[in-house]
Amino acid sequence: MSKIRYINMCIVEFGNIFGMKPAVAFNYLKRYGGISFIDKCYEAEHQLSLADAMADLTAYCQRHGGTLG
């Protein structure tokens, strides 16, 4: 899977978990560094289960001021 497709899938799945439309999920993830995290850690994260990747993404955003989770 390409990095762009993976990042898009993560945005959509994050939105599904927290009841957000993809555009809202994107804005949240961008604000709290989640998009950058996925981009920088793609090589490791795309090898994990989607549930584990979402847990990592949620925890990362929380450490950077996000309140979801």
# chains A, B, ... in the order shown; residues from 1 in each chain; ligands from 1

call {"tool": "residues_around", "arguments": {"residues": "Ile35 in chain A", "least_positions_apart": "4", "cutoff": "9 Å", "atoms": "only C-alpha atoms", "output": "NGL selection string"}}
result
:A and (7 or 11 or 26 or 29-31 or 39-40 or 57)

call {"tool": "residues_around", "arguments": {"residues": "Tyr28 in chain A", "least_positions_apart": "4", "cutoff": "12 Å", "atoms": "only C-alpha atoms", "output": "list in words"}}
result
Ile11, Val12, Phe14, Gly15, Phe18, Met20, Lys21, Pro22, Ala23, Val24, Tyr32, Gly33, Gly34, Ile35, Ser36, Leu57, Thr58, Cys61, Gln62, His64, Gly65, Gly66, Thr67 and Leu68 of chain A

call {"tool": "write_last_selection", "arguments": {"atoms": "C-alpha atoms", "output": "mmCIF file, in the first residue's frame"}}
result
data_model
loop_
_atom_site.group_PDB
_atom_site.id
_atom_site.type_symbol
_atom_site.label_atom_id
_atom_site.label_comp_id
_atom_site.auth_asym_id
_atom_site.auth_seq_id
_atom_site.Cartn_x
_atom_site.Cartn_y
_atom_site.Cartn_z
ATOM 1 C CA ILE A 11 -7.708 9.574 8.593
ATOM 2 C CA VAL A 12 -10.963 7.865 7.621
ATOM 3 C CA PHE A 14 -9.732 7.691 12.982
ATOM 4 C CA GLY A 15 -12.867 9.601 12.021
ATOM 5 C CA PHE A 18 -14.468 9.057 17.014
ATOM 6 C CA MET A 20 -16.088 12.437 12.746
ATOM 7 C CA LYS A 21 -16.348 13.133 9.064
ATOM 8 C CA PRO A 22 -12.998 12.676 7.279
ATOM 9 C CA ALA A 23 -12.465 16.431 6.902
ATOM 10 C CA VAL A 24 -12.938 16.969 10.639
ATOM 11 C CA TYR A 32 -2.231 17.704 17.037
ATOM 12 C CA GLY A 33 0.564 16.332 14.850
ATOM 13 C CA GLY A 34 -1.081 13.064 13.856
ATOM 14 C CA ILE A 35 -0.595 13.527 10.116
ATOM 15 C CA SER A 36 3.094 14.247 10.626
ATOM 16 C CA LEU A 57 -2.104 7.776 16.661
ATOM 17 C CA THR A 58 -4.576 8.569 19.439
ATOM 18 C CA CYS A 61 -2.302 13.295 19.571
ATOM 19 C CA GLN A 62 -3.113 13.165 23.301
ATOM 20 C CA HIS A 64 0.367 16.886 21.892
ATOM 21 C CA GLY A 65 -2.784 18.422 23.365
ATOM 22 C CA GLY A 66 -5.589 16.392 21.800
ATOM 23 C CA THR A 67 -8.469 15.454 24.053
ATOM 24 C CA LEU A 68 -9.952 12.453 22.223
#

call {"tool": "closest_residue", "arguments": {"among": "A:Leu50, A:Ala55, A:Phe37, A:Gly69", "to": "Met9 in chain A", "atoms": "only C-alpha atoms"}}
result
A:Leu50

call {"tool": "residues_around", "arguments": {"residues": "Met54 in chain A", "least_positions_apart": "6", "cutoff": "10 Å", "atoms": "only C-alpha atoms", "output": "PyMOL selection string"}}
result
chain A and resi 10-11+13-14+17+45+48+60

call {"tool": "select_by_dssp", "arguments": {"residues": "chain A", "states": "helix (DSSP H, G or I)", "output": "count of residues only"}}
result
51
